[in-house]
>>> print(open('entry-v1.pdb').read())   # PDB, C-alpha atoms
ATOM      1  CA  MET A 677      -4.119  -8.492 -11.871
ATOM      2  CA  ARG A 678      -6.082  -5.658 -13.387
ATOM      3  CA  PHE A 679      -3.201  -3.310 -14.073
ATOM      4  CA  CYS A 680      -0.328  -5.667 -14.786
ATOM      5  CA  THR A 681       1.290  -7.223 -17.767
ATOM      6  CA  GLU A 682       3.286 -10.413 -17.350
ATOM      7  CA  GLU A 683       6.318  -8.168 -16.842
ATOM      8  CA  GLY A 684       4.700  -6.278 -13.952
ATOM      9  CA  PRO A 685       2.894  -2.983 -13.362
ATOM     10  CA  VAL A 686       2.399  -0.633 -16.273
ATOM     11  CA  ASN A 687       2.156   2.541 -14.176
ATOM     12  CA  GLU A 688       1.419   2.755 -10.457
ATOM     13  CA  ALA A 689       0.022  -0.158  -8.485
ATOM     14  CA  GLU A 690      -1.072  -0.704  -4.920
ATOM     15  CA  GLN A 691      -2.540  -3.258  -2.562
ATOM     16  CA  PHE A 692      -4.485  -2.931   0.694
ATOM     17  CA  LEU A 693      -2.955  -5.422   3.124
ATOM     18  CA  GLY A 694      -5.257  -5.029   6.129
ATOM     19  CA  PRO A 695      -5.187  -4.048   9.785
ATOM     20  CA  VAL A 696      -2.047  -3.420  11.861
ATOM     21  CA  VAL A 697      -1.343  -2.156  15.370
ATOM     22  CA  ILE A 698       1.656   0.144  15.840
ATOM     23  CA  ALA A 699       2.518   1.365  19.352
ATOM     24  CA  GLY A 700      -0.982   0.425  20.519
ATOM     25  CA  VAL A 701      -2.773   2.378  17.772
ATOM     26  CA  GLU A 702      -5.003   0.536  15.321
ATOM     27  CA  GLY A 703      -4.274   1.227  11.707
ATOM     28  CA  ILE A 704      -4.121  -0.217   8.231
ATOM     29  CA  ARG A 705      -1.250  -1.137   5.937
ATOM     30  CA  TRP A 706      -0.989  -0.758   2.189
ATOM     31  CA  VAL A 707       1.832  -1.073  -0.302
ATOM     32  CA  SER A 708       2.524   0.688  -3.570
ATOM     33  CA  ILE A 709       4.784   0.444  -6.591
ATOM     34  CA  ARG A 710       5.564   3.522  -8.674
ATOM     35  CA  PRO A 711       7.875   4.310 -11.573
ATOM     36  CA  TRP A 712      10.851   6.307 -10.306
ATOM     37  CA  GLN A 713      13.767   7.628 -12.379
ATOM     38  CA  GLU A 714      13.544   4.913 -15.051
ATOM     39  CA  SER A 715      13.172   2.235 -12.356
ATOM     40  CA  TYR A 716      10.545   1.321  -9.757
ATOM     41  CA  ASN A 717      10.076   2.352  -6.143
ATOM     42  CA  ALA A 718       8.288  -0.015  -3.742
ATOM     43  CA  SER A 719       6.928   1.383  -0.462
ATOM     44  CA  MET A 720       4.728   0.444   2.481
ATOM     45  CA  ASP A 721       2.417   2.763   4.425
ATOM     46  CA  ASP A 722       1.008   2.300   7.930
ATOM     47  CA  VAL A 723      -1.784   4.806   8.531
ATOM     48  CA  GLN A 724      -4.577   5.357  11.039
ATOM     49  CA  ASP A 725      -7.767   3.398  10.457
ATOM     50  CA  LEU A 726     -10.398   6.126  10.135
ATOM     51  CA  ASP A 727     -13.233   3.544  10.097
ATOM     52  CA  ASP A 728     -15.036   5.458   7.348
ATOM     53  CA  GLU A 729     -15.998   3.628   4.176
ATOM     54  CA  ASN A 730     -16.458   6.967   2.413
ATOM     55  CA  ARG A 731     -12.823   8.017   2.953
ATOM     56  CA  ARG A 732     -10.885   6.142   0.297
ATOM     57  CA  ASP A 733      -7.767   8.179  -0.446
ATOM     58  CA  LEU A 734      -5.381   6.240   1.766
ATOM     59  CA  SER A 735      -2.518   8.584   0.908
ATOM     60  CA  VAL A 736      -4.054  11.338   3.071
ATOM     61  CA  PHE A 737      -4.739   9.180   6.143
ATOM     62  CA  PRO A 738      -2.582  10.204   9.138
ATOM     63  CA  SER A 739       0.572   8.167   9.620
ATOM     64  CA  LEU A 740       0.836   5.789  12.561
ATOM     65  CA  TYR A 741       4.338   7.045  13.262
ATOM     66  CA  PRO A 742       4.720   9.948  15.719
ATOM     67  CA  ASP A 743       6.144  13.153  14.232
ATOM     68  CA  GLY A 744       9.917  13.239  14.369
ATOM     69  CA  GLU A 745      10.196   9.632  15.514
ATOM     70  CA  ASP A 746      11.105   7.297  12.661
ATOM     71  CA  ASP A 747       8.739   9.300  10.450
ATOM     72  CA  PRO A 748       8.406   7.313   7.235
ATOM     73  CA  GLY A 749       7.200  10.289   5.199
ATOM     74  CA  PRO A 750       5.067   9.250   2.228
ATOM     75  CA  GLY A 751       5.656   5.570   2.915
ATOM     76  CA  ARG A 752       8.620   3.531   4.049
ATOM     77  CA  VAL A 753      10.712   2.596   1.059
ATOM     78  CA  ILE A 754      11.056  -1.160   0.636
ATOM     79  CA  GLY A 755      13.444  -0.789  -2.271
ATOM     80  CA  HIS A 756      14.290   0.529  -5.711
ATOM     81  CA  VAL A 757      14.545  -1.994  -8.520
ATOM     82  CA  GLU A 758      15.058  -1.887 -12.263
ATOM     83  CA  GLY A 759      11.917  -3.523 -13.602
ATOM     84  CA  PRO A 760       8.227  -3.886 -12.764
ATOM     85  CA  ALA A 761       8.372  -7.666 -12.263
ATOM     86  CA  GLU A 762      11.216  -7.181  -9.781
ATOM     87  CA  ALA A 763       9.149  -4.561  -7.946
ATOM     88  CA  LEU A 764       6.235  -6.962  -7.597
ATOM     89  CA  GLU A 765       8.470  -9.787  -6.379
ATOM     90  CA  LEU A 766      10.307  -7.563  -3.882
ATOM     91  CA  THR A 767       7.105  -6.116  -2.450
ATOM     92  CA  GLU A 768       5.394  -9.496  -2.183
ATOM     93  CA  ARG A 769       8.424 -11.075  -0.495
ATOM     94  CA  ALA A 770       8.969  -8.166   1.920
ATOM     95  CA  THR A 771       5.347  -7.576   2.942
ATOM     96  CA  GLY A 772       3.305 -10.685   2.208
ATOM     97  CA  ALA A 773       1.357  -8.909  -0.551
ATOM     98  CA  SER A 774      -0.600 -11.332  -2.744
ATOM     99  CA  THR A 775       0.323 -11.894  -6.367
ATOM    100  CA  ASP A 776      -3.318 -11.861  -7.448
ATOM    101  CA  ARG A 777      -4.512  -8.773  -5.523
ATOM    102  CA  TRP A 778      -2.595  -5.923  -7.174
ATOM    103  CA  ASP A 779      -4.752  -3.001  -8.278
ATOM    104  CA  ASN A 780      -4.432   0.218 -10.217
ATOM    105  CA  HIS A 781      -3.419   3.312  -8.295
ATOM    106  CA  GLY A 782      -6.355   4.475  -6.136
ATOM    107  CA  VAL A 783      -8.155   1.132  -5.946
ATOM    108  CA  ALA A 784      -6.663   0.102  -2.577
ATOM    109  CA  GLY A 785      -9.052   2.658  -1.073
ATOM    110  CA  GLU A 786     -11.970   0.693  -2.529
ATOM    111  CA  ASP A 787     -10.616  -2.432  -0.857
ATOM    112  CA  TYR A 788     -10.353  -0.483   2.406
ATOM    113  CA  ALA A 789     -14.011   0.603   2.047
ATOM    114  CA  ASP A 790     -15.008  -3.056   1.561
ATOM    115  CA  PHE A 791     -12.980  -3.949   4.665
ATOM    116  CA  VAL A 792     -14.750  -1.279   6.758
ATOM    117  CA  GLN A 793     -18.202  -2.310   5.485
ATOM    118  CA  ALA A 794     -17.568  -5.979   6.271
ATOM    119  CA  ARG A 795     -16.214  -5.193   9.725
ATOM    120  CA  ASN A 796     -19.161  -2.951  10.588
ATOM    121  CA  SER A 797     -21.929  -5.194   9.256
TER     122      SER A 797
END
>>> encode(input="entry-v1.pdb", output="structure tokens")
Amino acid sequence: MRFCTEEGPVNEAEQFLGPVVIAGVEGIRWVSIRPWQESYNASMDDVQDLDDENRRDLSVFPSLYPDGEDDPGPGRVIGHVEGPAEALELTERATGASTDRWDNHGVAGEDYADFVQARNS
């Protein structure tokens, strides 16, 4: 874990989980953990797969959820917990995220680029 201490994430962390299909639309899923009001916020995002290895800022990809219909906003909140280790455990249990694949904020986009390159080669 590049960004973690044994107690959990130091700042923000994220993980690219892979492809999903929501309402017949292909997309990708990623999870993030961020400090929030002296605790931690865990969230999950389902966004459109733009199939472009040069587009790596997953936070600006269009949501897979139609406007006004269960719109998750900037990610569906999985939960708020007190400590970083709890945030990791909650997110891994709720989403299937891997203990050994957590990255610093912004690196999930690199994993997405690798995914697109592998799929298109």
>>> atom_distance(input="entry-v1.pdb", atom1="atom CA of Arg732 of chain A", atom2="atom CA of Trp778 of chain A")
16.4 Å
>>> residues_near_point(input="entry-v1.pdb", point="(8.6, -9.1, -4.5)", cutoff="12 Å", atoms="all atoms listed in the file", output="number ranges by chain")
A: 684, 707-709, 716-719, 754-757, 759-775, 778
>>> atom_distance(input="entry-v1.pdb", atom1="atom CA of Leu693 of chain A", atom2="atom CA of Asp727 of chain A")
15.3 Å
>>> atom_distance(input="entry-v1.pdb", atom1="atom CA of Asp790 of chain A", atom2="atom CA of Val753 of chain A")
26.3 Å
>>> residues_near_point(input="entry-v1.pdb", point="(-18.2, -0.6, 10.7)", cutoff="12 Å", atoms="all atoms listed in the file", output="PDB file with C-alpha atoms, in the frame of the given file")
ATOM      1  CA  ASP A 725      -7.767   3.398  10.457  1.00  0.00           C
ATOM      2  CA  LEU A 726     -10.398   6.126  10.135  1.00  0.00           C
ATOM      3  CA  ASP A 727     -13.233   3.544  10.097  1.00  0.00           C
ATOM      4  CA  ASP A 728     -15.036   5.458   7.348  1.00  0.00           C
ATOM      5  CA  GLU A 729     -15.998   3.628   4.176  1.00  0.00           C
ATOM      6  CA  ASN A 730     -16.458   6.967   2.413  1.00  0.00           C
ATOM      7  CA  TYR A 788     -10.353  -0.483   2.406  1.00  0.00           C
ATOM      8  CA  ALA A 789     -14.011   0.603   2.047  1.00  0.00           C
ATOM      9  CA  ASP A 790     -15.008  -3.056   1.561  1.00  0.00           C
ATOM     10  CA  PHE A 791     -12.980  -3.949   4.665  1.00  0.00           C
ATOM     11  CA  VAL A 792     -14.750  -1.279   6.758  1.00  0.00           C
ATOM     12  CA  GLN A 793     -18.202  -2.310   5.485  1.00  0.00           C
ATOM     13  CA  ALA A 794     -17.568  -5.979   6.271  1.00  0.00           C
ATOM     14  CA  ARG A 795     -16.214  -5.193   9.725  1.00  0.00           C
ATOM     15  CA  ASN A 796     -19.161  -2.951  10.588  1.00  0.00           C
ATOM     16  CA  SER A 797     -21.929  -5.194   9.256  1.00  0.00           C
TER      17      SER A 797
END
>>> closest_residue(input="entry-v1.pdb", among="A:Glu688, A:Arg731, A:Val696, A:Asp722", to="Arg710 of chain A", atoms="only C-alpha atoms")
A:Glu688
